[in-house]
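To keep things clear, I will list the structure first and then write my remarks on it.
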Amino acid sequence: MGRLGRGAVKSISADEVAAMRAVPAVPEERPLTLVTLPPSRTQRRLALGVVLASLVAFSIVAGPLSTFQLPRIDAFVPCYGTAIVVNDLITAVLLLNQSAISRSRATLAVASAYLFAGLMVIPWLLTFPGVFAPGGLLGAGLQSTAWLSVLRYFGFPAFIIGYALLKDADPPRGSWEGSVGATILSHVAMSTAIVCIATVLVIASDAYLPAIAIDRVHFSTFWRYLASCLIVWCAVAITLLWFRRLSVLDLWLMVALCAYAIEIYLSAFVGPARFSAAWIAARIFGFVSSILVLSVLLHEITTLYTQLLRAVLAHRREREARLLTGDTVSASIAHEIKQPLTAIAASAKAGLNWLDRVDPDPNVDRARDALRRVEAAGQSADAVIENIRAHFKVGARTHTSLDIDDVIQGALAAVRDRLRMHRVAVRADLHGLLPRITGERIQLQQVLVNLMTNAIDAMAMTNGERVLSISSEVRDSGYVMVSVEDTGNGIATDAVDRIFNPMFTTKPDGMGMGLSICRSIIEAHHGRLWVTPNHGRGAMFHFTVPIASGSAC
């Protein structure tokens with residue numbers, strides 16, 4: 001069939017339509033905020049502890065201290081009012097930030113609750129008798145301060161009830177679209193307008209309001225009936241939060257409302273007079289109520305900041321590890337390829353020298369031998385590259401049964417030219433009857449070539465006898481141990497513990513990768529590589545490889 005044209009319509013079968021309808025809609029992932037996070041067991045226990053401590057304090061105040069009258073402290077009211085305003089406004093700002101993240105009208109309702117409660121304290125403080133003026137500011141009457149307090153006690157639970165009803169709404173009804181700043185500013189303006197209108201109405205109708213205050217200190221019996229209604233109103237808000245889906249914010253709002261209810265009860269039933277012990281205790285409970293959610297928000301912000309800092313540090317360490325890994329891999333490739341490339345260059349130069357001879361005639365046989373060494377070194381370089389690639393492939397390494405003496409002879413052949421160049425004698429103590437081992441030939445030869453090359457370089461800087469000793473023997477009845485010994489200057493004591501670390505080298509032109517690669521290869525063979533001081537001078541390296549299963553020890 002030809003391709004569909006731009007205006008063509010592709011037909012869909014009935015089965016495809018049914019399959020598309022059967023795919024469930026994936027709900028949008030909700031951000032992790034206090035509104036969505038469930039409380040942990042520790043948070044539940046802490047909240048229960050705060051409630052129990054509040055009840056104990058309430059029983060003490062309502063009992064022995066119920067009739068205790070304190071002298072008037074003029075500085076207490078402004079200090080209390082300022083603390084409440086600061087706490088509630090900071091809580092409102094933090095909750096507004098949370099609502100901006102989640103775009104939740106429910107969170108906006110809680111933020112509006114704290115904004116309203118904090119702003120209502122300002123006219124309450126200004127109209128309080130005896131703080132800024134004998135009868136209060138703003139033209140307040142005798143009932144103004146008490147009724148402003150009543151509106152605050154009523155408004156805060158009302159906003160919380162709105163939050164409880166909104167937070168489980170469907171996303172189209174529970175969130176908003178459009179500008180975040182405009183939405184938040186509109187709610188702030190609305191809460192401020194409500195406070196201003198309520199203040200004007202209370203002060204203007206002061207003479208017509210039911211009497212709560214008898215004088216500037218004592219309250220009437222009507223305050224008790226009104227307080228009972230406010231306590232029931234708080235209980236309604238607590239009940240709605242309890243039966244809805246419980247979150248961290250719900251838990252601490254319930255605790256705050258409990259402190260609110262205790263504050264109202266102490267003000268109306270235990271100490272119905274200003275500056276009594278119960279009235280002072282009620283103000284303290286009000287302060288506790290205002291600081292609870294703020295403390296939880298600050299704790300969560302600190303926790304999130306700590307997690308963010310740890311994530312940034314972990315990302316930085318991961319980046320540094322990737323860079324170090326890249327440097328290590330690059331150094332590994334350069335280190336391992338350098339040896340066969342050096343052998344290729346040396347053999348090629350030797351072949352050219354044999355072919356360039358004029359008197360006597362060119363030695364073709366020796367040139368042919370040099371070219372064969374070039375071919376062998378090229379194959380060795382290719383094997384090294386494949387070996388490095390095998391380190392990054394799962395299941396790429398194939399271990400087979402090997403004769404360790406053949407592996408040693410192959411490594412000696414690879415460094416023969418280097419041994420001849422530096423006039424190093426070889427003393428091989430090999431046992432032809434050793435059991436076969438399990439391993440990968442190229443990798444084990446790579447280890448031996450590295451150890452032999454290091455031994456040759458160490459002896460090249462000395463003027464004494466230069467002997468490279470190699471031995472193999474059975475060790476611990478399950479492993480074959482190979483030892484490489486030299487007569488060089490040896491290894492300093494402070495370098496023994498670091499000799500196998502990546503990027504550590506004792507050579508002026510070394511890369512510090514050879515021994516690290518050797519140890520990783522031997523450990524991948526389930527063996528062990530270590531170094532011991534040689535008797536007299538030099539160093540002795542040993543490594544073990546496991547004996548092949550079924551091989552006689």
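Lettering and numbering for the structure tokens are positional, with chains as A, B, ... in the shown order, residues counted from 1 in each chain, and ligands counted from 1 in the shown order.
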key: Residue contacts of A:Phe154 (12 Å, only C-alpha atoms) excluding same-chain residues fewer than 2 positions away, as an MDAnalysis selection string   = chainID A and resid 113 116:117 120 147:152 156:161 226:237 257 260:261 264
- Using DSSP on the backbone coordinates, identify all residues within stretch 34-218 of chain A classified as helix (DSSP H, G or I); present the result as an MDAnalysis selection string. chainID A and resid 41:62 76:102 105:126 144:166 171:174 180:204 206:208
Got a sec: who's within 12 Å of stretch 454-462 of chain A, counting only C-alpha atoms, leaving out chain neighbours fewer than 5 positions off, as a VMD selection string?
chain A and resid 339 412 415 to 426 447 to 449 467 to 470 483 to 491 499 505 to 510 512 to 515 518 537 to 541
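Checking A:Pro502, A:Gly464, A:Gly139, A:Gly527 one by one against A:Val480, counting only C-alpha atoms, you find the shortest gap at A:Gly527.
By chain and then residue number, the residues within 12 Å of A:Leu126 are Val77, Pro78, Gly81, Thr82, Leu119, Met120, Val121, Ile122, Gly130, Val131, Phe132, Ala133, Pro134, Gly135, Gly136, Leu137, Leu138, Gly139, Ala140, Gly141, Ser144, Thr145, Leu148, Thr199 and Ile203 of chain A, counting only C-alpha atoms and disregarding those fewer than 4 positions away in sequence.
Reported to one decimal place, the separation of atom CA of A:Trp252 from atom CA of A:Ile238 is 10.4 Å.
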Measuring between only C-alpha atoms, which one of A:Leu52, A:Ile212, A:Leu125, A:Ala413 shows the shortest distance to A:Val85?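 Residue with the minimum atom-to-atom distance to A:Val85: A:Leu125.
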| message | Can you tell me which residues surround A:Leu251 at a distance of at most 10 Å, considering only C-alpha atoms, apart from same-chain residues fewer than 4 positions away, and format the answer as a ChimeraX atom specification? | response | /A:34,38-39,43-44,47-48,238,241-242,246-247,255-256,293
- Message: Here is a test: counting only C-alpha atoms, which residue of A:Ser191, A:Ala268, A:Leu292, A:Ala109 is nearest to A:Leu46?
- Response: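 With only C-alpha atoms as the atom set, the closest residue is A:Leu292.
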Exercise for review: Check stretch 204-310 of chain A with DSSP on the backbone and list each residue it calls strand (DSSP E or B), as JSON, numbers by chain.
Suggested key: {"A": [213, 218, 219, 273, 276]}
Save out the residues we just selected, N, CA, C and O atoms, as a PDB file, in the first residue's frame.
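That gives us out28.pdb:
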ATOM      1  N   ALA A 213     -18.281  42.605  77.686  1.00  0.00           N
ATOM      2  CA  ALA A 213     -17.487  43.207  78.753  1.00  0.00           C
ATOM      3  C   ALA A 213     -18.366  44.049  79.651  1.00  0.00           C
ATOM      4  O   ALA A 213     -19.134  44.904  79.168  1.00  0.00           O
ATOM      5  N   HIS A 218     -13.684  42.926  83.594  1.00  0.00           N
ATOM      6  CA  HIS A 218     -14.547  41.772  83.794  1.00  0.00           C
ATOM      7  C   HIS A 218     -15.477  41.549  82.604  1.00  0.00           C
ATOM      8  O   HIS A 218     -15.795  42.486  81.861  1.00  0.00           O
ATOM      9  N   PHE A 219     -15.910  40.246  82.437  1.00  0.00           N
ATOM     10  CA  PHE A 219     -16.799  39.863  81.353  1.00  0.00           C
ATOM     11  C   PHE A 219     -18.154  39.434  81.921  1.00  0.00           C
ATOM     12  O   PHE A 219     -18.270  39.004  83.074  1.00  0.00           O
ATOM     13  N   ALA A 273     -11.966  37.393  83.522  1.00  0.00           N
ATOM     14  CA  ALA A 273     -11.497  38.743  83.839  1.00  0.00           C
ATOM     15  C   ALA A 273     -10.103  38.899  83.260  1.00  0.00           C
ATOM     16  O   ALA A 273      -9.287  37.970  83.294  1.00  0.00           O
ATOM     17  N   SER A 276      -6.189  37.949  84.820  1.00  0.00           N
ATOM     18  CA  SER A 276      -6.198  36.861  85.806  1.00  0.00           C
ATOM     19  C   SER A 276      -5.214  35.792  85.347  1.00  0.00           C
ATOM     20  O   SER A 276      -4.736  35.792  84.201  1.00  0.00           O
TER      21      SER A 276
END
Using only C-alpha atoms, pick whichever of A:Cys79, A:Leu297, A:Val217, A:Ser179 has the shortest atom-to-atom distance to A:Leu94.
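Distance minimum relative to A:Leu94 lands on A:Leu297.
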Hey, what's within 10 Å of stretch 430-445 of chain A if we count only C-alpha atoms and toss same-chain stuff fewer than 5 positions away? As number ranges by chain, please? A: 380, 383-384, 386-388, 397-412, 414, 450-451, 470-474, 478-480, 482, 517-518, 521-522, 524-526, 544-553
Return the single residue from A:Ser59, A:Ser102, A:Ser290, A:Ser220 that is closest to A:Val86, with distances computed using only C-alpha atoms.
->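 Nearest candidate to A:Val86 out of A:Ser59, A:Ser102, A:Ser290, A:Ser220: A:Ser290.
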Taken to one decimal, the atom CA of A:Ile284-atom CA of A:Ser112 distance is 22.7 Å
